[in-house]
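Take a look at the structure below.
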Protein chains: 2
Amino acid sequence: MVELKGSVELETVKRNTLPKQVVDSIVQLLVSGQLKPGDKLPSEMELIDMLGVSRPVLREALSSLEALEVITRKTRGGTHFNNKIGSNPFSVMLALSIGNLPAIIEARMALELGLVAMAAEKITNEKLKRLKETIDEIAGSVDNNYGEADKEFHRIIALSADNPIIEGMIDPLLITHDKMDRQIRERERDVTVQFHTDIYNALVNRDPHEAFTHMYRHLSYVRNKLLQVYQNE
Amino acid sequence: MVELKGSVELETVKRNTLPKQVVDSIVQLLVSGQLKPGDKLPSEMELIDMLGVSRPVLREALSSLEALEVITRKTRGGTHFNNKIGSNPFSVMLALSIGNLPAIIEARMALELGLVAMAAEKITNEKLKRLKETIDEIAGSVDNNYGEADKEFHRIIALSADNPIIEGMIDPLLITHDKMDRQIRERERDVTVQFHTDIYNALVNRDPHEAFTHMYRHLSYVRNKLLQVYQNE
DNA sequence: CATAATCATATTGTAAGACGAATTAGATGA
DNA sequence: TCATCTAATTCGTCTTACAATATGATTATG
């Protein structure tokens with residue numbers, strides 16, 4: 001924003017470097033339907049000719065798209081559009097908020113509350129079985145060392161929503177689960193088992209509302225516990 | 001995966017190019033707490049010396065980080081970590097799924113169901129007022145041209161969750177709202193107004209469960225309508 | 001002395017050229 | 001036919017040079 005004399009304000013011209021413009025042109029191939037996920041892009045030399053830019057500019061753009069996991073480049077194999085986004089982009093972006101625990105907790109909440117409702121609609125019997133196993137594992141743990149099973153419970157649910165757009169966010173947010181786990185000094189295995197069992201039963205019933213209710217209770221409880229620790233620091 | 005003789009399998013060595021390694025090194029500055037959001041990074045020349053790579057390699061890495069909106073580069077101004085991620089990365093990534101309407105619909109659902117619950121906890125009176133205005137706008141529209149007010153309703157709620165991690169996803173997914181809007185040939189203004197009013201009342205009551213319930217109903221209804229159109233094509 | 005204009009410089013942006021690295025396809029030999 | 005080797009394709013990395021942008025310092029002017 002550039003404030004001029006009087007009350008007129010002009011938006012500053014957006015930095016629009018050549019690599020950015022190249023990114024947009026390549027993305028447009030997808031948006032327009034000219035190319036689809038899985039398709040091969042022209043080689044670097046061809047793109048350089050087509051777009052009329054230097055090789056470093058093109059490579060900066062391709063590196064950017066690869067960081068976003070929109071494409072994958074292989075020596076001699078060329079460059080292809082991916083079929084879906086993995087977890088690396090979100091993981092890198094999440095590093096910006098790594099110190100903002102309340103934001104992480106609530107991002108997890110927002111996501112998991114929505115995902116558990118979707119999971120209630122579509123979870124498979126196989127995944128239900130796996131869910132139950134994690135609950136048993138937590139119940140049977142003898143040294144309060146059940147963080148992995150706890151995380152696996154949440155991961156199975158999240159993955160049951162079966163959504164390629166959201167999928168890449170699940171593991172990065174679950175990695176923050178480990179960080180949070182370590183903050184909780186008092187572990188309450190039986191409380192966790194109860195929460196998980198309630199959620200599991202709702203999923204067995206395929207009831208999104210019930211699933212939401214129990215997950216909300218569980219995550220609110222964990223949130224309060226964590227924020228307590230956070231505020232004591 | 002390389003399949004060796006017998007049943008032993010080895011993971012192929014991950015492509016770990018120098019720009020990727022540079023990205024990781026720079027992200028590690030954040031993760032380790034050495035630098036924080038808003039801080040200035042060393043200049044390109046300094047980073048080249050520190051990391052022992054060529055300038056194009058460094059620039060590819062910085063372009064990647066900029067595409068992820070983790071950093072912003074300014075000529076002569078240097079390179080800074082951002083405070084939060086904007087909507088561009090997610091928007092580009094979403095282009096990969098642009099043709100997969102069911103996935104988009106459900107990603108929106110997953111997110112909006114979680115966000116409305118969080119919004120119920122923390123929405124301001126000002127935003128409630130704005131919400132009401134959008135409902136009145138839709139109710140008073142005379143030519144079924146209320147897509148923008150409809151979208152604004154959803155946007156206000158999503159932003160009320162007030163989460164910097166999720167915020168960057170809201171606008172890209174709401175842009176898909178326009179695309180979906182155009183698919184719906186029969187507009188049912190009164191039904192929309194009813195759904196929105198129910199959601200609004202739940203938010204006034206600051207009740208996450210009620211908010212979830214009404215949003216789930218609304219979005220399921222929209223989903224069914226859209227999938228019907230989708231399957232007829 | 002204060003303000004505006006100009007110049008120098010810091011830092012990023014772009015290009016060209018060269019060579020290296022990785023991988024696949026094709027040719028050759030057993 | 002299969003194994004091995006070679007050539008070619010394509011991306012990966014580096015060096016060098018110049019351009020563009022924006023800020024700070026200096027100079028000129030009122």
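In the structure tokens, each chain is lettered A, B, ... as it comes, each chain's residues begin at 1, and ligands are numbered from 1 in order of appearance.
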Compile the contact shell of range 77-93 of chain B as a ChimeraX atom specification: residues with an atom at most 6 Å away, counting only C-alpha atoms (C1' of nucleotides), same-chain residues fewer than 5 positions apart removed. /B:37-41,68-72,168-169,172
Quick one: which residues from chain B are at most 8 Å off chain A, using only C-alpha atoms, as an MDAnalysis selection string? chainID B and resid 27 30:31 36:37 56 59:61 63:70 81:85 89 92:98 103:104 106:107 109:115 117:118 163:166 209 212:213
Could you write out the selected residues, including N, CA and C atoms, as a tab-separated table (two decimals), in the first residue's frame?
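Just written: out_13.tsv:
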chain	number	residue	atom	x	y	z
B	27	VAL	N	14.98	-24.16	6.68
B	27	VAL	CA	13.83	-24.45	7.55
B	27	VAL	C	14.29	-24.81	8.95
B	30	LEU	N	14.36	-22.14	11.48
B	30	LEU	CA	13.08	-21.88	12.13
B	30	LEU	C	12.79	-22.90	13.22
B	31	VAL	N	12.95	-24.15	12.84
B	31	VAL	CA	12.57	-25.24	13.74
B	31	VAL	C	13.42	-25.19	15.01
B	36	LYS	N	13.21	-16.52	13.86
B	36	LYS	CA	11.77	-16.59	14.07
B	36	LYS	C	11.02	-15.96	12.91
B	37	PRO	N	9.71	-16.25	12.80
B	37	PRO	CA	8.91	-15.53	11.81
B	37	PRO	C	9.15	-14.02	11.91
B	56	PRO	N	22.99	-20.33	-8.24
B	56	PRO	CA	21.74	-20.88	-8.78
B	56	PRO	C	21.10	-21.92	-7.87
B	59	ARG	N	19.45	-20.03	-5.17
B	59	ARG	CA	18.25	-19.34	-5.66
B	59	ARG	C	17.11	-20.30	-5.91
B	60	GLU	N	17.42	-21.51	-6.38
B	60	GLU	CA	16.34	-22.50	-6.54
B	60	GLU	C	15.70	-22.78	-5.19
B	61	ALA	N	16.54	-22.93	-4.19
B	61	ALA	CA	16.02	-23.22	-2.85
B	61	ALA	C	15.17	-22.06	-2.34
B	63	SER	N	13.64	-19.81	-4.12
B	63	SER	CA	12.41	-19.77	-4.90
B	63	SER	C	11.38	-20.77	-4.38
B	64	SER	N	11.89	-21.93	-4.03
B	64	SER	CA	11.00	-22.95	-3.48
B	64	SER	C	10.36	-22.47	-2.18
B	65	LEU	N	11.20	-21.92	-1.30
B	65	LEU	CA	10.67	-21.44	-0.03
B	65	LEU	C	9.71	-20.28	-0.22
B	66	GLU	N	9.97	-19.47	-1.25
B	66	GLU	CA	9.08	-18.37	-1.52
B	66	GLU	C	7.74	-18.88	-2.07
B	67	ALA	N	7.81	-19.93	-2.91
B	67	ALA	CA	6.57	-20.52	-3.42
B	67	ALA	C	5.72	-21.07	-2.28
B	68	LEU	N	6.38	-21.55	-1.24
B	68	LEU	CA	5.67	-22.05	-0.07
B	68	LEU	C	5.28	-20.92	0.88
B	69	GLU	N	5.64	-19.72	0.51
B	69	GLU	CA	5.37	-18.52	1.30
B	69	GLU	C	5.95	-18.59	2.72
B	70	VAL	N	7.02	-19.31	2.82
B	70	VAL	CA	7.74	-19.33	4.09
B	70	VAL	C	8.64	-18.09	4.18
B	81	PHE	N	11.74	-14.26	6.81
B	81	PHE	CA	10.70	-15.24	7.09
B	81	PHE	C	9.37	-14.51	7.21
B	82	ASN	N	8.33	-15.12	6.65
B	82	ASN	CA	7.00	-14.54	6.80
B	82	ASN	C	6.42	-14.84	8.18
B	83	ASN	N	5.34	-14.15	8.50
B	83	ASN	CA	4.67	-14.43	9.77
B	83	ASN	C	3.64	-15.53	9.66
B	84	LYS	N	3.04	-15.62	8.49
B	84	LYS	CA	2.15	-16.74	8.26
B	84	LYS	C	2.03	-17.01	6.77
B	85	ILE	N	1.43	-18.12	6.44
B	85	ILE	CA	1.31	-18.53	5.05
B	85	ILE	C	0.05	-17.92	4.46
B	89	PRO	N	0.19	-20.79	-1.95
B	89	PRO	CA	0.63	-22.18	-2.05
B	89	PRO	C	-0.53	-23.16	-2.18
B	92	VAL	N	-2.17	-23.14	-5.57
B	92	VAL	CA	-1.43	-23.86	-6.62
B	92	VAL	C	-1.57	-25.37	-6.43
B	93	MET	N	-1.42	-25.82	-5.22
B	93	MET	CA	-1.52	-27.26	-4.95
B	93	MET	C	-2.91	-27.79	-5.30
B	94	LEU	N	-3.90	-26.97	-5.03
B	94	LEU	CA	-5.28	-27.38	-5.30
B	94	LEU	C	-5.53	-27.59	-6.79
B	95	ALA	N	-4.72	-26.91	-7.61
B	95	ALA	CA	-4.89	-27.09	-9.05
B	95	ALA	C	-4.74	-28.55	-9.47
B	96	LEU	N	-3.99	-29.31	-8.71
B	96	LEU	CA	-3.82	-30.74	-9.02
B	96	LEU	C	-5.13	-31.50	-8.92
B	97	SER	N	-6.02	-31.02	-8.08
B	97	SER	CA	-7.29	-31.72	-7.89
B	97	SER	C	-8.46	-31.00	-8.55
B	98	ILE	N	-8.12	-30.08	-9.42
B	98	ILE	CA	-9.16	-29.20	-9.95
B	98	ILE	C	-10.26	-29.98	-10.68
B	103	ALA	N	-13.61	-34.81	-4.48
B	103	ALA	CA	-12.56	-34.57	-3.48
B	103	ALA	C	-12.61	-33.13	-2.98
B	104	ILE	N	-12.86	-32.20	-3.88
B	104	ILE	CA	-12.93	-30.80	-3.49
B	104	ILE	C	-14.11	-30.57	-2.55
B	106	GLU	N	-15.56	-32.63	-0.61
B	106	GLU	CA	-15.37	-33.22	0.72
B	106	GLU	C	-14.23	-32.57	1.48
B	107	ALA	N	-13.24	-32.06	0.78
B	107	ALA	CA	-12.20	-31.30	1.48
B	107	ALA	C	-12.83	-30.06	2.11
B	109	MET	N	-15.92	-29.76	2.97
B	109	MET	CA	-16.74	-30.23	4.08
B	109	MET	C	-15.90	-30.48	5.32
B	110	ALA	N	-14.85	-31.27	5.14
B	110	ALA	CA	-14.00	-31.60	6.29
B	110	ALA	C	-13.54	-30.33	7.00
B	111	LEU	N	-13.09	-29.39	6.19
B	111	LEU	CA	-12.55	-28.16	6.78
B	111	LEU	C	-13.65	-27.30	7.40
B	112	GLU	N	-14.72	-27.14	6.67
B	112	GLU	CA	-15.75	-26.23	7.17
B	112	GLU	C	-16.47	-26.78	8.41
B	113	LEU	N	-16.60	-28.09	8.49
B	113	LEU	CA	-17.22	-28.68	9.69
B	113	LEU	C	-16.37	-28.42	10.92
B	114	GLY	N	-15.04	-28.56	10.77
B	114	GLY	CA	-14.16	-28.29	11.90
B	114	GLY	C	-14.14	-26.80	12.24
B	115	LEU	N	-14.09	-25.99	11.20
B	115	LEU	CA	-13.96	-24.55	11.43
B	115	LEU	C	-15.21	-23.94	12.05
B	117	ALA	N	-17.14	-25.34	14.14
B	117	ALA	CA	-17.11	-25.68	15.57
B	117	ALA	C	-16.18	-24.74	16.32
B	118	MET	N	-15.00	-24.49	15.72
B	118	MET	CA	-14.05	-23.55	16.35
B	118	MET	C	-14.63	-22.13	16.37
B	163	ASN	N	-7.28	-18.92	12.82
B	163	ASN	CA	-6.12	-19.81	12.89
B	163	ASN	C	-5.18	-19.56	11.72
B	164	PRO	N	-3.97	-19.08	12.02
B	164	PRO	CA	-3.04	-18.73	10.95
B	164	PRO	C	-2.62	-19.92	10.09
B	165	ILE	N	-2.69	-21.12	10.63
B	165	ILE	CA	-2.26	-22.28	9.85
B	165	ILE	C	-3.30	-22.64	8.79
B	166	ILE	N	-4.53	-22.52	9.17
B	166	ILE	CA	-5.63	-22.91	8.27
B	166	ILE	C	-6.04	-21.79	7.33
B	209	HIS	N	-21.61	-27.95	18.98
B	209	HIS	CA	-22.34	-29.13	18.51
B	209	HIS	C	-23.48	-28.74	17.59
B	212	PHE	N	-22.06	-27.51	14.35
B	212	PHE	CA	-21.67	-28.65	13.52
B	212	PHE	C	-22.90	-29.29	12.87
B	213	THR	N	-23.91	-29.54	13.68
B	213	THR	CA	-25.10	-30.22	13.17
B	213	THR	C	-25.70	-29.50	11.98
In Å, with one decimal, what is the gap from CA of His196 in chain B to CA of His177 in chain B? 15.5 Å
Using only C-alpha atoms (C1' of nucleotides), find each residue in chain D having at least one atom no more than 9 Å away from chain B; report its shortest atom-to-atom pair and that distance in Å (one decimal), rows by chain then rising number, as CSV.
residue,atom,partner,partner_atom,distance
D:DG12,C1',B:Thr17,CA,7.6
D:DT13,C1',B:Val57,CA,7.3
D:DC14,C1',B:Ser54,CA,6.2
D:DT15,C1',B:Ser54,CA,8.6
D:DA20,C1',B:Thr75,CA,8.4
D:DT21,C1',B:Thr75,CA,5.6
D:DA22,C1',B:Arg76,CA,5.8
D:DT23,C1',B:Arg76,CA,7.4
Spatial neighbours of Asp190 in chain A, max dist 10 Å, only C-alpha atoms (C1' of nucleotides), sep filter under 4 positions, as a PyMOL selection string: chain A and resi 138-139+194-196
Can you write out the residues you just picked, keeping N, CA and C atoms, as a PDB file, in the first residue's frame?
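Saved the output as part-v6.pdb:
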ATOM      1  N   ILE A 138      -3.320 -49.383  23.736  1.00  0.00           N
ATOM      2  CA  ILE A 138      -3.216 -48.348  24.757  1.00  0.00           C
ATOM      3  C   ILE A 138      -3.670 -48.909  26.109  1.00  0.00           C
ATOM      4  N   ALA A 139      -4.794 -49.622  26.089  1.00  0.00           N
ATOM      5  CA  ALA A 139      -5.330 -50.193  27.342  1.00  0.00           C
ATOM      6  C   ALA A 139      -4.338 -51.157  27.969  1.00  0.00           C
ATOM      7  N   GLN A 194     -11.047 -44.312  27.279  1.00  0.00           N
ATOM      8  CA  GLN A 194     -12.492 -44.033  27.260  1.00  0.00           C
ATOM      9  C   GLN A 194     -12.875 -43.115  26.093  1.00  0.00           C
ATOM     10  N   PHE A 195     -12.113 -42.051  25.931  1.00  0.00           N
ATOM     11  CA  PHE A 195     -12.380 -41.152  24.811  1.00  0.00           C
ATOM     12  C   PHE A 195     -12.321 -41.904  23.479  1.00  0.00           C
ATOM     13  N   HIS A 196     -11.262 -42.647  23.312  1.00  0.00           N
ATOM     14  CA  HIS A 196     -11.073 -43.350  22.031  1.00  0.00           C
ATOM     15  C   HIS A 196     -12.189 -44.362  21.793  1.00  0.00           C
TER      16      HIS A 196
END
Please find the residues of chain C near chain A - the criterion being any atom within 8 Å, counting only C-alpha atoms (C1' of nucleotides) - and write them as a PyMOL selection string. chain C and resi 13-15+22-24
Residues of range 155-232 of chain B classed as helix (DSSP H, G or I) by DSSP on the backbone are to be reported as number ranges by chain. B: 155-160, 164-183, 189-204, 208-231
Please dump the current selection as a PDB file, in the first residue's frame; keep C-alpha atoms.
ATOM      1  CA  ARG B 155     -15.762 -17.094   4.617  1.00  0.00           C
ATOM      2  CA  ILE B 156     -16.692 -15.143   7.727  1.00  0.00           C
ATOM      3  CA  ILE B 157     -17.227 -18.344   9.626  1.00  0.00           C
ATOM      4  CA  ALA B 158     -13.981 -19.867   8.442  1.00  0.00           C
ATOM      5  CA  LEU B 159     -12.018 -16.757   9.352  1.00  0.00           C
ATOM      6  CA  SER B 160     -13.679 -16.655  12.765  1.00  0.00           C
ATOM      7  CA  PRO B 164      -3.037 -18.732  10.952  1.00  0.00           C
ATOM      8  CA  ILE B 165      -2.259 -22.280   9.852  1.00  0.00           C
ATOM      9  CA  ILE B 166      -5.627 -22.908   8.274  1.00  0.00           C
ATOM     10  CA  GLU B 167      -6.258 -19.422   7.032  1.00  0.00           C
ATOM     11  CA  GLY B 168      -4.346 -19.884   3.801  1.00  0.00           C
ATOM     12  CA  MET B 169      -6.676 -22.651   2.736  1.00  0.00           C
ATOM     13  CA  ILE B 170      -9.868 -20.742   3.097  1.00  0.00           C
ATOM     14  CA  ASP B 171      -9.815 -18.546   0.035  1.00  0.00           C
ATOM     15  CA  PRO B 172      -8.587 -21.211  -2.384  1.00  0.00           C
ATOM     16  CA  LEU B 173     -11.354 -23.537  -1.279  1.00  0.00           C
ATOM     17  CA  LEU B 174     -13.859 -20.712  -1.454  1.00  0.00           C
ATOM     18  CA  ILE B 175     -12.800 -20.009  -4.998  1.00  0.00           C
ATOM     19  CA  THR B 176     -13.991 -23.507  -5.729  1.00  0.00           C
ATOM     20  CA  HIS B 177     -17.289 -22.295  -4.286  1.00  0.00           C
ATOM     21  CA  ASP B 178     -17.738 -20.128  -7.355  1.00  0.00           C
ATOM     22  CA  LYS B 179     -17.072 -23.049  -9.626  1.00  0.00           C
ATOM     23  CA  MET B 180     -19.589 -25.161  -7.764  1.00  0.00           C
ATOM     24  CA  ASP B 181     -22.087 -22.359  -7.645  1.00  0.00           C
ATOM     25  CA  ARG B 182     -22.154 -22.271 -11.390  1.00  0.00           C
ATOM     26  CA  GLN B 183     -22.982 -25.962 -11.504  1.00  0.00           C
ATOM     27  CA  ARG B 189     -32.811 -19.243  -1.943  1.00  0.00           C
ATOM     28  CA  ASP B 190     -35.203 -19.978   0.872  1.00  0.00           C
ATOM     29  CA  VAL B 191     -33.557 -23.280   1.688  1.00  0.00           C
ATOM     30  CA  THR B 192     -30.173 -21.588   1.787  1.00  0.00           C
ATOM     31  CA  VAL B 193     -31.513 -18.863   4.029  1.00  0.00           C
ATOM     32  CA  GLN B 194     -32.911 -21.460   6.385  1.00  0.00           C
ATOM     33  CA  PHE B 195     -29.660 -23.394   6.574  1.00  0.00           C
ATOM     34  CA  HIS B 196     -27.644 -20.237   7.118  1.00  0.00           C
ATOM     35  CA  THR B 197     -30.038 -18.989   9.763  1.00  0.00           C
ATOM     36  CA  ASP B 198     -29.807 -22.229  11.698  1.00  0.00           C
ATOM     37  CA  ILE B 199     -26.027 -22.071  11.568  1.00  0.00           C
ATOM     38  CA  TYR B 200     -26.090 -18.425  12.561  1.00  0.00           C
ATOM     39  CA  ASN B 201     -28.294 -19.115  15.560  1.00  0.00           C
ATOM     40  CA  ALA B 202     -25.978 -21.874  16.704  1.00  0.00           C
ATOM     41  CA  LEU B 203     -23.077 -19.444  16.495  1.00  0.00           C
ATOM     42  CA  VAL B 204     -25.025 -16.847  18.464  1.00  0.00           C
ATOM     43  CA  PRO B 208     -20.126 -26.064  18.671  1.00  0.00           C
ATOM     44  CA  HIS B 209     -22.338 -29.134  18.507  1.00  0.00           C
ATOM     45  CA  GLU B 210     -25.321 -27.263  17.210  1.00  0.00           C
ATOM     46  CA  ALA B 211     -23.137 -25.402  14.768  1.00  0.00           C
ATOM     47  CA  PHE B 212     -21.673 -28.653  13.518  1.00  0.00           C
ATOM     48  CA  THR B 213     -25.095 -30.220  13.172  1.00  0.00           C
ATOM     49  CA  HIS B 214     -26.520 -27.459  11.054  1.00  0.00           C
ATOM     50  CA  MET B 215     -23.395 -27.034   8.951  1.00  0.00           C
ATOM     51  CA  TYR B 216     -23.269 -30.776   8.336  1.00  0.00           C
ATOM     52  CA  ARG B 217     -26.853 -30.692   7.146  1.00  0.00           C
ATOM     53  CA  HIS B 218     -26.227 -27.743   4.887  1.00  0.00           C
ATOM     54  CA  LEU B 219     -23.049 -29.093   3.330  1.00  0.00           C
ATOM     55  CA  SER B 220     -24.449 -32.597   2.874  1.00  0.00           C
ATOM     56  CA  TYR B 221     -27.377 -31.114   1.033  1.00  0.00           C
ATOM     57  CA  VAL B 222     -25.122 -29.075  -1.221  1.00  0.00           C
ATOM     58  CA  ARG B 223     -22.867 -32.069  -1.762  1.00  0.00           C
ATOM     59  CA  ASN B 224     -25.747 -34.247  -2.852  1.00  0.00           C
ATOM     60  CA  LYS B 225     -26.974 -31.630  -5.232  1.00  0.00           C
ATOM     61  CA  LEU B 226     -23.530 -31.154  -6.758  1.00  0.00           C
ATOM     62  CA  LEU B 227     -22.780 -34.842  -7.045  1.00  0.00           C
ATOM     63  CA  GLN B 228     -26.074 -35.288  -8.818  1.00  0.00           C
ATOM     64  CA  VAL B 229     -25.077 -32.729 -11.392  1.00  0.00           C
ATOM     65  CA  TYR B 230     -21.610 -34.270 -11.604  1.00  0.00           C
ATOM     66  CA  GLN B 231     -22.963 -37.720 -12.274  1.00  0.00           C
TER      67      GLN B 231
END
Using DSSP on the backbone, list every residue of range 1-229 of chain A that comes out as strand (DSSP E or B), and give them as a VMD selection string. chain A and resid 2 to 3 9 to 10 40 71 to 74 78 to 81
